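**Q** start.cif is reproduced in full below (mmCIF, C-alpha atoms).
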```
data_start
loop_
_atom_site.group_PDB
_atom_site.id
_atom_site.type_symbol
_atom_site.label_atom_id
_atom_site.label_comp_id
_atom_site.auth_asym_id
_atom_site.auth_seq_id
_atom_site.Cartn_x
_atom_site.Cartn_y
_atom_site.Cartn_z
ATOM 1 C CA MET W 900 -25.081 7.453 -24.651
ATOM 2 C CA GLY W 901 -22.736 4.529 -25.020
ATOM 3 C CA VAL W 902 -19.706 4.076 -22.821
ATOM 4 C CA GLU W 903 -16.211 2.925 -23.720
ATOM 5 C CA ALA W 904 -13.534 1.560 -21.401
ATOM 6 C CA HIS W 905 -10.237 2.433 -23.025
ATOM 7 C CA GLU W 906 -6.963 4.131 -22.120
ATOM 8 C CA GLY W 907 -6.134 5.814 -25.404
ATOM 9 C CA SER W 908 -2.641 5.174 -26.773
ATOM 10 C CA ARG W 909 -1.287 3.030 -23.934
ATOM 11 C CA VAL W 910 -2.058 -0.249 -22.256
ATOM 12 C CA PRO W 911 -4.607 0.338 -19.465
ATOM 13 C CA GLU W 912 -3.091 0.068 -16.003
ATOM 14 C CA GLY W 913 -4.522 -2.350 -13.482
ATOM 15 C CA GLN W 914 -6.841 0.097 -11.780
ATOM 16 C CA ALA W 915 -8.754 0.574 -15.046
ATOM 17 C CA ILE W 916 -9.358 -3.169 -15.359
ATOM 18 C CA HIS W 917 -10.628 -3.389 -11.778
ATOM 19 C CA ARG W 918 -13.017 -0.545 -12.533
ATOM 20 C CA LEU W 919 -14.076 -2.228 -15.761
ATOM 21 C CA ALA W 920 -14.790 -5.457 -13.844
ATOM 22 C CA ARG W 921 -16.945 -3.533 -11.384
ATOM 23 C CA ILE W 922 -18.942 -1.815 -14.130
ATOM 24 C CA ALA W 923 -19.315 -4.948 -16.271
ATOM 25 C CA SER W 924 -20.577 -6.825 -13.220
ATOM 26 C CA GLY W 925 -23.193 -4.172 -12.567
ATOM 27 C CA PHE W 926 -24.518 -4.561 -16.094
ATOM 28 C CA LEU W 927 -24.213 -8.302 -16.665
ATOM 29 C CA ALA W 928 -23.907 -10.276 -13.410
ATOM 30 C CA GLY W 929 -26.960 -12.414 -12.708
ATOM 31 C CA ARG W 930 -28.252 -12.153 -16.277
ATOM 32 C CA VAL W 931 -28.438 -14.756 -19.024
ATOM 33 C CA VAL W 932 -26.132 -13.527 -21.764
ATOM 34 C CA ALA W 933 -26.273 -13.956 -25.516
ATOM 35 C CA ALA W 934 -22.660 -14.224 -26.722
ATOM 36 C CA SER W 935 -21.522 -13.895 -30.318
ATOM 37 C CA SER W 936 -18.425 -13.053 -32.339
ATOM 38 C CA PRO W 937 -19.404 -10.797 -35.264
ATOM 39 C CA GLN W 938 -15.769 -10.741 -36.391
ATOM 40 C CA GLY W 939 -15.659 -14.544 -36.290
ATOM 41 C CA ARG W 940 -12.300 -14.866 -34.543
ATOM 42 C CA PHE W 941 -13.878 -15.851 -31.223
ATOM 43 C CA ALA W 942 -16.814 -17.870 -32.570
ATOM 44 C CA GLU W 943 -15.911 -21.072 -30.707
ATOM 45 C CA GLY W 944 -15.340 -19.267 -27.410
ATOM 46 C CA ALA W 945 -18.545 -17.241 -27.771
ATOM 47 C CA ALA W 946 -20.476 -20.464 -28.346
ATOM 48 C CA ARG W 947 -19.193 -21.754 -24.984
ATOM 49 C CA LEU W 948 -20.573 -18.656 -23.222
ATOM 50 C CA ASP W 949 -23.827 -18.228 -25.147
ATOM 51 C CA GLY W 950 -26.944 -18.772 -23.055
ATOM 52 C CA LEU W 951 -25.084 -18.940 -19.744
ATOM 53 C CA THR W 952 -25.546 -16.718 -16.705
ATOM 54 C CA ALA W 953 -22.803 -14.188 -16.041
ATOM 55 C CA PHE W 954 -21.356 -13.852 -12.545
ATOM 56 C CA ARG W 955 -19.307 -11.050 -10.990
ATOM 57 C CA ALA W 956 -16.205 -10.172 -12.998
ATOM 58 C CA GLN W 957 -12.812 -9.902 -11.328
ATOM 59 C CA ALA W 958 -9.461 -8.434 -12.274
ATOM 60 C CA TRP W 959 -5.922 -9.461 -11.516
ATOM 61 C CA GLY W 960 -3.518 -6.822 -12.699
ATOM 62 C CA LYS W 961 -4.302 -6.044 -16.324
ATOM 63 C CA HIS W 962 -6.290 -9.249 -16.807
ATOM 64 C CA PHE W 963 -10.111 -9.358 -16.808
ATOM 65 C CA PHE W 964 -11.978 -12.525 -15.828
ATOM 66 C CA MET W 965 -15.729 -13.147 -15.896
ATOM 67 C CA PRO W 966 -17.296 -16.518 -15.000
ATOM 68 C CA PHE W 967 -20.339 -17.979 -16.750
ATOM 69 C CA ALA W 968 -22.432 -20.965 -15.672
ATOM 70 C CA GLU W 969 -25.720 -22.696 -16.425
ATOM 71 C CA SER W 970 -28.715 -20.947 -14.891
ATOM 72 C CA GLY W 971 -29.623 -22.609 -11.613
ATOM 73 C CA ALA W 972 -26.429 -24.690 -11.534
ATOM 74 C CA SER W 973 -25.236 -22.810 -8.465
ATOM 75 C CA THR W 974 -26.005 -19.510 -6.825
ATOM 76 C CA ALA W 975 -22.615 -19.393 -5.114
ATOM 77 C CA GLU W 976 -20.262 -16.676 -6.310
ATOM 78 C CA PRO W 977 -17.285 -18.389 -8.013
ATOM 79 C CA SER W 978 -13.852 -17.620 -6.640
ATOM 80 C CA LEU W 979 -11.230 -16.703 -9.197
ATOM 81 C CA GLY W 980 -10.001 -19.897 -10.859
ATOM 82 C CA ASP W 981 -12.741 -22.184 -9.534
ATOM 83 C CA ASP W 982 -13.504 -25.282 -11.560
ATOM 84 C CA GLY W 983 -16.998 -25.483 -12.995
ATOM 85 C CA PRO W 984 -17.687 -22.120 -14.665
ATOM 86 C CA ALA W 985 -16.505 -21.153 -18.109
ATOM 87 C CA TRP W 986 -14.217 -18.160 -17.645
ATOM 88 C CA LEU W 987 -13.886 -15.298 -20.107
ATOM 89 C CA HIS W 988 -10.298 -14.023 -19.978
ATOM 90 C CA VAL W 989 -9.420 -10.718 -21.664
ATOM 91 C CA HIS W 990 -6.221 -8.698 -21.827
ATOM 92 C CA LEU W 991 -6.855 -5.447 -23.684
ATOM 93 C CA GLY W 992 -3.255 -4.798 -24.694
ATOM 94 C CA LEU W 993 -2.596 -1.560 -26.538
ATOM 95 C CA TYR W 994 -5.613 -1.513 -28.837
ATOM 96 C CA GLY W 995 -8.333 -3.391 -26.947
ATOM 97 C CA ARG W 996 -11.579 -1.628 -26.143
ATOM 98 C CA TRP W 997 -14.806 -2.482 -24.340
ATOM 99 C CA SER W 998 -17.861 -0.461 -25.379
ATOM 100 C CA PHE W 999 -21.186 -0.571 -23.533
ATOM 101 C CA SER W 1000 -24.319 0.537 -25.369
ATOM 102 C CA GLY W 1001 -28.038 0.579 -24.735
ATOM 103 C CA PRO W 1002 -30.328 2.473 -22.334
ATOM 104 C CA ARG W 1003 -28.671 1.147 -19.180
ATOM 105 C CA ALA W 1004 -25.221 2.319 -20.351
ATOM 106 C CA THR W 1005 -26.146 5.831 -19.221
ATOM 107 C CA ASP W 1006 -25.760 4.567 -15.636
ATOM 108 C CA VAL W 1007 -21.992 4.854 -16.126
ATOM 109 C CA ALA W 1008 -22.062 8.641 -16.401
ATOM 110 C CA GLY W 1009 -19.228 10.078 -14.331
ATOM 111 C CA ALA W 1010 -17.442 6.757 -14.043
ATOM 112 C CA GLY W 1011 -14.310 8.059 -15.720
ATOM 113 C CA LEU W 1012 -14.990 6.122 -18.920
ATOM 114 C CA ARG W 1013 -15.312 7.729 -22.310
ATOM 115 C CA GLY W 1014 -18.768 7.820 -23.906
ATOM 116 C CA GLY W 1015 -20.162 8.123 -27.382
ATOM 117 C CA GLY W 1016 -22.979 6.864 -29.553
ATOM 118 C CA ASN W 1017 -26.705 6.534 -29.066
ATOM 119 C CA ALA W 1018 -28.125 4.598 -26.137
ATOM 120 C CA ALA W 1019 -31.757 4.668 -27.246
ATOM 121 C CA ALA W 1020 -31.375 1.059 -28.406
ATOM 122 C CA VAL W 1021 -28.675 -1.567 -28.694
ATOM 123 C CA PRO W 1022 -27.022 -0.979 -32.096
ATOM 124 C CA GLU W 1023 -25.965 -3.660 -34.529
ATOM 125 C CA PRO W 1024 -22.375 -4.756 -33.832
ATOM 126 C CA GLY W 1025 -19.570 -3.653 -36.114
ATOM 127 C CA ALA W 1026 -17.616 -6.138 -38.179
ATOM 128 C CA THR W 1027 -14.529 -5.717 -35.980
ATOM 129 C CA VAL W 1028 -16.280 -6.769 -32.759
ATOM 130 C CA ARG W 1029 -14.416 -9.791 -31.385
ATOM 131 C CA LEU W 1030 -17.075 -10.527 -28.759
ATOM 132 C CA ARG W 1031 -20.546 -9.197 -28.052
ATOM 133 C CA LEU W 1032 -22.233 -9.958 -24.727
ATOM 134 C CA GLU W 1033 -25.893 -8.953 -24.823
ATOM 135 C CA ALA W 1034 -28.334 -9.011 -21.921
ATOM 136 C CA GLU W 1035 -31.769 -7.479 -22.325
ATOM 137 C CA ASP W 1036 -31.239 -3.778 -23.073
ATOM 138 C CA LEU W 1037 -27.455 -3.652 -22.942
ATOM 139 C CA ALA W 1038 -24.590 -4.842 -25.129
ATOM 140 C CA ALA W 1039 -20.908 -5.062 -24.240
ATOM 141 C CA ASP W 1040 -18.678 -5.118 -27.324
ATOM 142 C CA LEU W 1041 -14.992 -6.045 -27.254
ATOM 143 C CA THR W 1042 -12.692 -5.000 -30.077
ATOM 144 C CA GLY W 1043 -8.959 -5.329 -30.653
ATOM 145 C CA PRO W 1044 -7.863 -7.224 -27.514
ATOM 146 C CA ALA W 1045 -4.412 -8.740 -27.194
ATOM 147 C CA ARG W 1046 -6.034 -11.794 -25.596
ATOM 148 C CA CYS W 1047 -9.616 -13.079 -25.587
ATOM 149 C CA GLU W 1048 -10.275 -16.675 -24.631
ATOM 150 C CA ALA W 1049 -12.709 -18.952 -22.833
ATOM 151 C CA LEU W 1050 -10.942 -20.958 -20.129
ATOM 152 C CA ASN W 1051 -11.735 -23.557 -17.518
ATOM 153 C CA GLY W 1052 -10.565 -23.147 -13.934
ATOM 154 C CA GLN W 1053 -7.219 -24.776 -14.650
ATOM 155 C CA GLY W 1054 -6.595 -22.319 -17.486
ATOM 156 C CA VAL W 1055 -7.335 -19.365 -15.213
ATOM 157 C CA ARG W 1056 -5.002 -20.710 -12.555
ATOM 158 C CA ALA W 1057 -2.248 -21.054 -15.180
ATOM 159 C CA VAL W 1058 -2.621 -17.355 -16.070
ATOM 160 C CA LEU W 1059 -2.525 -16.336 -12.401
ATOM 161 C CA ALA W 1060 0.589 -18.443 -11.792
ATOM 162 C CA ARG W 1061 2.510 -16.171 -14.172
ATOM 163 C CA LEU W 1062 1.469 -12.992 -12.371
ATOM 164 C CA GLY W 1063 2.792 -11.281 -9.285
ATOM 165 C CA PRO W 1064 0.624 -9.853 -6.508
ATOM 166 C CA ASP W 1065 -1.914 -7.194 -7.468
ATOM 167 C CA PRO W 1066 -1.677 -3.974 -5.412
ATOM 168 C CA VAL W 1067 -5.400 -3.306 -5.809
ATOM 169 C CA ARG W 1068 -6.271 -6.728 -4.387
ATOM 170 C CA ASN W 1069 -3.529 -6.354 -1.729
ATOM 171 C CA GLU W 1070 -4.041 -9.784 -0.222
ATOM 172 C CA PRO W 1071 -2.241 -11.112 2.888
ATOM 173 C CA GLY W 1072 1.410 -11.811 2.128
ATOM 174 C CA ASP W 1073 1.461 -9.726 -1.057
ATOM 175 C CA ARG W 1074 3.612 -6.972 0.439
ATOM 176 C CA GLU W 1075 6.256 -9.463 1.595
ATOM 177 C CA ARG W 1076 6.183 -11.276 -1.743
ATOM 178 C CA PHE W 1077 6.718 -8.004 -3.640
ATOM 179 C CA VAL W 1078 9.590 -6.906 -1.397
ATOM 180 C CA ALA W 1079 11.333 -10.285 -1.662
ATOM 181 C CA ALA W 1080 10.993 -10.352 -5.451
ATOM 182 C CA ILE W 1081 12.511 -6.881 -5.888
ATOM 183 C CA ARG W 1082 15.282 -7.539 -3.370
ATOM 184 C CA SER W 1083 16.324 -10.734 -5.174
ATOM 185 C CA ARG W 1084 17.126 -8.953 -8.449
ATOM 186 C CA ARG W 1085 19.920 -6.695 -9.657
ATOM 187 C CA ALA W 1086 17.950 -4.843 -12.345
ATOM 188 C CA ALA W 1087 16.863 -1.250 -11.707
ATOM 189 C CA VAL W 1088 13.817 -0.973 -9.477
ATOM 190 C CA GLY W 1089 12.170 1.197 -12.135
ATOM 191 C CA GLN W 1090 12.403 -1.714 -14.540
ATOM 192 C CA LEU W 1091 11.270 -4.319 -12.038
ATOM 193 C CA ILE W 1092 8.017 -2.544 -11.113
ATOM 194 C CA LEU W 1093 6.769 -3.025 -14.672
ATOM 195 C CA ASP W 1094 7.521 -6.759 -14.570
ATOM 196 C CA GLN W 1095 4.024 -8.218 -14.207
ATOM 197 C CA SER W 1096 5.436 -11.331 -12.539
ATOM 198 C CA ILE W 1097 6.599 -9.055 -9.683
ATOM 199 C CA ALA W 1098 3.611 -6.720 -9.428
ATOM 200 C CA ALA W 1099 0.520 -7.218 -11.576
ATOM 201 C CA GLY W 1100 -1.133 -3.998 -12.657
ATOM 202 C CA PRO W 1101 1.242 -1.027 -12.356
ATOM 203 C CA GLY W 1102 2.154 0.699 -15.604
ATOM 204 C CA ASN W 1103 4.255 3.695 -16.484
ATOM 205 C CA ILE W 1104 2.233 6.297 -14.570
ATOM 206 C CA TYR W 1105 2.203 4.433 -11.261
ATOM 207 C CA ARG W 1106 5.834 3.410 -11.753
ATOM 208 C CA ALA W 1107 6.929 7.029 -12.139
ATOM 209 C CA ASP W 1108 4.817 8.725 -9.506
ATOM 210 C CA CYS W 1109 4.827 6.084 -6.761
ATOM 211 C CA LEU W 1110 8.628 5.952 -6.924
ATOM 212 C CA PHE W 1111 8.590 9.751 -6.617
ATOM 213 C CA ARG W 1112 6.160 9.652 -3.701
ATOM 214 C CA THR W 1113 8.426 7.254 -1.816
ATOM 215 C CA GLY W 1114 11.673 9.054 -2.769
ATOM 216 C CA ILE W 1115 13.277 6.059 -4.533
ATOM 217 C CA SER W 1116 15.486 6.570 -7.572
ATOM 218 C CA PRO W 1117 14.201 4.363 -10.398
ATOM 219 C CA LEU W 1118 17.795 3.559 -11.368
ATOM 220 C CA THR W 1119 18.715 1.939 -8.035
ATOM 221 C CA PRO W 1120 19.245 -1.837 -8.344
ATOM 222 C CA GLY W 1121 16.396 -3.718 -6.714
ATOM 223 C CA GLY W 1122 18.669 -5.540 -4.298
ATOM 224 C CA GLU W 1123 20.018 -2.236 -2.974
ATOM 225 C CA VAL W 1124 16.649 -0.806 -1.919
ATOM 226 C CA SER W 1125 15.894 -1.482 1.731
ATOM 227 C CA PRO W 1126 12.936 -3.705 2.685
ATOM 228 C CA GLU W 1127 11.434 -0.754 4.546
ATOM 229 C CA ARG W 1128 11.450 1.497 1.481
ATOM 230 C CA LEU W 1129 10.093 -1.257 -0.756
ATOM 231 C CA GLY W 1130 7.353 -1.939 1.758
ATOM 232 C CA ALA W 1131 6.436 1.741 1.668
ATOM 233 C CA LEU W 1132 6.428 1.592 -2.133
ATOM 234 C CA TRP W 1133 3.991 -1.346 -2.092
ATOM 235 C CA ASP W 1134 1.756 0.466 0.394
ATOM 236 C CA ASP W 1135 1.704 3.551 -1.823
ATOM 237 C CA LEU W 1136 0.929 1.531 -4.964
ATOM 238 C CA ALA W 1137 -1.896 -0.261 -3.162
ATOM 239 C CA ALA W 1138 -3.469 2.883 -1.717
ATOM 240 C CA THR W 1139 -3.092 5.070 -4.813
ATOM 241 C CA MET W 1140 -4.352 2.483 -7.284
ATOM 242 C CA ALA W 1141 -7.333 1.586 -5.070
ATOM 243 C CA ASP W 1142 -8.303 5.261 -4.798
ATOM 244 C CA ASP W 1143 -8.199 5.593 -8.576
ATOM 245 C CA VAL W 1144 -10.470 2.555 -9.031
ATOM 246 C CA ASP W 1145 -13.096 4.443 -7.045
ATOM 247 C CA SER W 1146 -12.598 7.803 -8.763
ATOM 248 C CA GLY W 1147 -12.185 6.510 -12.312
ATOM 249 C CA VAL W 1148 -9.314 8.965 -12.873
ATOM 250 C CA ILE W 1149 -5.578 8.416 -12.420
ATOM 251 C CA ARG W 1150 -4.412 11.212 -10.132
ATOM 252 C CA THR W 1151 -1.029 10.446 -8.618
ATOM 253 C CA VAL W 1152 0.261 13.877 -7.608
ATOM 254 C CA PRO W 1153 0.247 14.101 -3.788
ATOM 255 C CA PRO W 1154 -2.598 16.397 -2.655
ATOM 256 C CA ASP W 1155 -0.203 18.683 -0.773
ATOM 257 C CA LEU W 1156 1.808 19.277 -3.969
ATOM 258 C CA ARG W 1157 -1.107 19.844 -6.331
ATOM 259 C CA PRO W 1158 -0.776 23.404 -7.662
ATOM 260 C CA GLU W 1159 -3.729 25.773 -7.517
ATOM 261 C CA PRO W 1160 -4.216 27.014 -10.133
ATOM 262 C CA VAL W 1161 -2.495 24.547 -12.469
ATOM 263 C CA PRO W 1162 0.276 26.401 -14.352
ATOM 264 C CA GLU W 1163 -0.449 27.183 -17.984
ATOM 265 C CA GLY W 1164 1.503 24.817 -20.203
ATOM 266 C CA ASP W 1165 1.950 22.297 -17.392
ATOM 267 C CA GLU W 1166 -1.527 20.776 -17.224
ATOM 268 C CA GLU W 1167 -0.063 17.415 -16.172
ATOM 269 C CA ALA W 1168 0.879 18.973 -12.810
ATOM 270 C CA GLY W 1169 -2.773 18.796 -11.816
ATOM 271 C CA ARG W 1170 -2.703 14.998 -12.062
ATOM 272 C CA PHE W 1171 0.894 13.751 -12.063
ATOM 273 C CA ALA W 1172 3.980 14.485 -9.982
ATOM 274 C CA VAL W 1173 6.715 13.544 -12.486
ATOM 275 C CA TYR W 1174 5.021 11.439 -15.171
ATOM 276 C CA HIS W 1175 5.141 13.183 -18.545
ATOM 277 C CA ARG W 1176 6.595 16.369 -16.982
ATOM 278 C CA THR W 1177 10.067 16.297 -18.564
ATOM 279 C CA GLY W 1178 11.860 19.637 -18.345
ATOM 280 C CA ARG W 1179 9.466 21.128 -15.799
ATOM 281 C CA PRO W 1180 10.264 21.916 -12.166
ATOM 282 C CA CYS W 1181 9.622 19.345 -9.481
ATOM 283 C CA LEU W 1182 6.550 20.272 -7.468
ATOM 284 C CA ARG W 1183 8.448 19.553 -4.239
ATOM 285 C CA CYS W 1184 12.037 20.761 -4.676
ATOM 286 C CA GLY W 1185 12.119 22.667 -7.982
ATOM 287 C CA THR W 1186 14.703 20.371 -9.624
ATOM 288 C CA ILE W 1187 14.010 19.835 -13.311
ATOM 289 C CA ILE W 1188 12.251 16.533 -14.063
ATOM 290 C CA VAL W 1189 14.335 14.283 -16.310
ATOM 291 C CA GLU W 1190 13.506 11.450 -18.673
ATOM 292 C CA LYS W 1191 15.344 8.502 -20.184
ATOM 293 C CA ASP W 1192 14.544 5.306 -22.017
ATOM 294 C CA LEU W 1193 14.650 2.235 -19.794
ATOM 295 C CA VAL W 1194 14.130 -1.082 -21.582
ATOM 296 C CA GLY W 1195 12.001 0.563 -24.248
ATOM 297 C CA ARG W 1196 9.773 2.569 -21.885
ATOM 298 C CA ARG W 1197 9.926 6.278 -21.035
ATOM 299 C CA LEU W 1198 11.025 6.819 -17.454
ATOM 300 C CA PHE W 1199 10.439 10.074 -15.539
ATOM 301 C CA TRP W 1200 11.902 11.123 -12.187
ATOM 302 C CA CYS W 1201 13.225 13.981 -10.055
ATOM 303 C CA PRO W 1202 16.996 13.698 -9.431
ATOM 304 C CA GLY W 1203 16.629 15.989 -6.411
ATOM 305 C CA CYS W 1204 13.939 14.070 -4.520
ATOM 306 C CA GLN W 1205 14.651 10.510 -5.616
ATOM 307 C CA ARG W 1206 17.877 8.955 -4.405
#
```
Will you turn the file into structure tokens for me?
**A**
Amino acid sequence: MGVEAHEGSRVPEGQAIHRLARIASGFLAGRVVAASSPQGRFAEGAARLDGLTAFRAQAWGKHFFMPFAESGASTAEPSLGDDGPAWLHVHLGLYGRWSFSGPRATDVAGAGLRGGGNAAAVPEPGATVRLRLEAEDLAADLTGPARCEALNGQGVRAVLARLGPDPVRNEPGDRERFVAAIRSRRAAVGQLILDQSIAAGPGNIYRADCLFRTGISPLTPGGEVSPERLGALWDDLAATMADDVDSGVIRTVPPDLRPEPVPEGDEEAGRFAVYHRTGRPCLRCGTIIVEKDLVGRRLFWCPGCQR
């Protein structure tokens, strides 16, 4: 059966893009790829990639990068933003979708990605496919992305310069950079976490539940949250998002609070602590979970636990 990497009606959070990079690498890295744009909107970019060898894909936040180079040009694994390779850069946005089809797509079973279709053979691409990458008995089709472009190393570095540290990558100095960025601003910490120039990757689920897990009110101005609490928030984002890359499922409710059995009518309690649980009791203190709009995004928190 085919496999789709998609997050439904919301922009995928960073952990999904890291998992996508891992799976795409398993299928395509080390193989000569035939690239095309059945839709026609990426014809020039596809021509730059066609006939090149794919290397391991990487993610930074919600951005997907895959390098391509001439076969035999170099066996060294490119570092993100290196000059030399042609880099495919994709941001799925709200409607973007990667679909993998062909016999080898069945290897993704249990990866937390949605499946559908027939894997007996690689099907003909649909007219809405922005980019098809085909290697032997597998095709990767991209539809509806917010961004799809072929870049050189300088172009990749320009994208990265606009992004904050990625909790999944969690590189040296990232924790301090995150804390300093939050502390330097007066906006609510719940707003700042979704600023991709401060932290690249977290979306609404991780914003809600990691703030809950660290006991921070999302309405507190960033500059009023102590460095210690912000450091703990970064640590929780990094650990929780990395775990979910491995599992393929976002599960942010702390294990010690996960109800057994999950209450009828509150199925979210099996996965989330406060996200999407408006009007239901907090799993820790029993206070009713509340919701408000914050800069156009739904915000969830427990007034009893988060101060």
**Q** Which residues would end up in the selection if the PyMOL selection byres ((chain W and resi 1140-1156) around 8) were applied here, given that I need the answer as an MDAnalysis selection string?
**A** chainID W and resid 913:915 917:918 1010:1012 1066:1067 1104:1105 1108:1109 1112 1136:1139 1157:1158 1168:1172 1182:1183
**Q** Can you pull out every residue within 8 Å of region 1115-1117 of chain W, counting all atoms listed in the file, but drop anything in the same chain fewer than 6 positions away, and send it as JSON, numbers by chain?
**A** {"W": [1087, 1088, 1089, 1090, 1107, 1128, 1200, 1202, 1205, 1206]}
**Q** For Val1078 (chain W), list every protein, DNA or RNA residue within 7 Å, evaluated using all atoms listed in the file, and leave out those in the same chain fewer than 5 positions away; present the list as a ChimeraX atom specification.
**A** /W:1126,1129-1130
**Q** Which residues of region 943-969 of chain W have any atom within 12 Å of an atom in region 1016-1038 of chain W when counting all atoms listed in the file, and what is the closest pair of atoms for each, with the distance in Å to one decimal? Order the rows by chain and rising number and write it as a Markdown table.
**A**
```
| residue | atom | partner | partner_atom | distance |
| --- | --- | --- | --- | --- |
| W:Glu943 | CA | W:Leu1030 | CA | 10.8 |
| W:Gly944 | CA | W:Leu1030 | CA | 9.0 |
| W:Ala945 | CA | W:Leu1030 | CA | 6.9 |
| W:Ala946 | CA | W:Leu1030 | CA | 10.5 |
| W:Leu948 | CA | W:Leu1032 | CA | 9.0 |
| W:Asp949 | CA | W:Leu1032 | CA | 8.4 |
| W:Gly950 | CA | W:Ala1034 | CA | 9.9 |
| W:Leu951 | CA | W:Leu1032 | CA | 10.7 |
| W:Thr952 | CA | W:Ala1034 | CA | 9.7 |
| W:Ala953 | CA | W:Ala1034 | CA | 9.6 |
| W:Met965 | CA | W:Leu1032 | CA | 11.4 |
| W:Phe967 | CA | W:Leu1032 | CA | 11.5 |
```
**Q** With the file shown as input, list the residues that the PyMOL selection byres ((chain W and resi 1178) around 6) selects, as a PyMOL selection string.
**A** chain W and resi 1177+1179+1187-1188
**Q** Would you export the selected residues with C-alpha atoms as a CSV table (one decimal), in the frame of the given file, please?
**A**
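Final file, result.csv:
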```csv
chain,number,residue,atom,x,y,z
W,1177,THR,CA,10.1,16.3,-18.6
W,1179,ARG,CA,9.5,21.1,-15.8
W,1187,ILE,CA,14.0,19.8,-13.3
W,1188,ILE,CA,12.3,16.5,-14.1
```
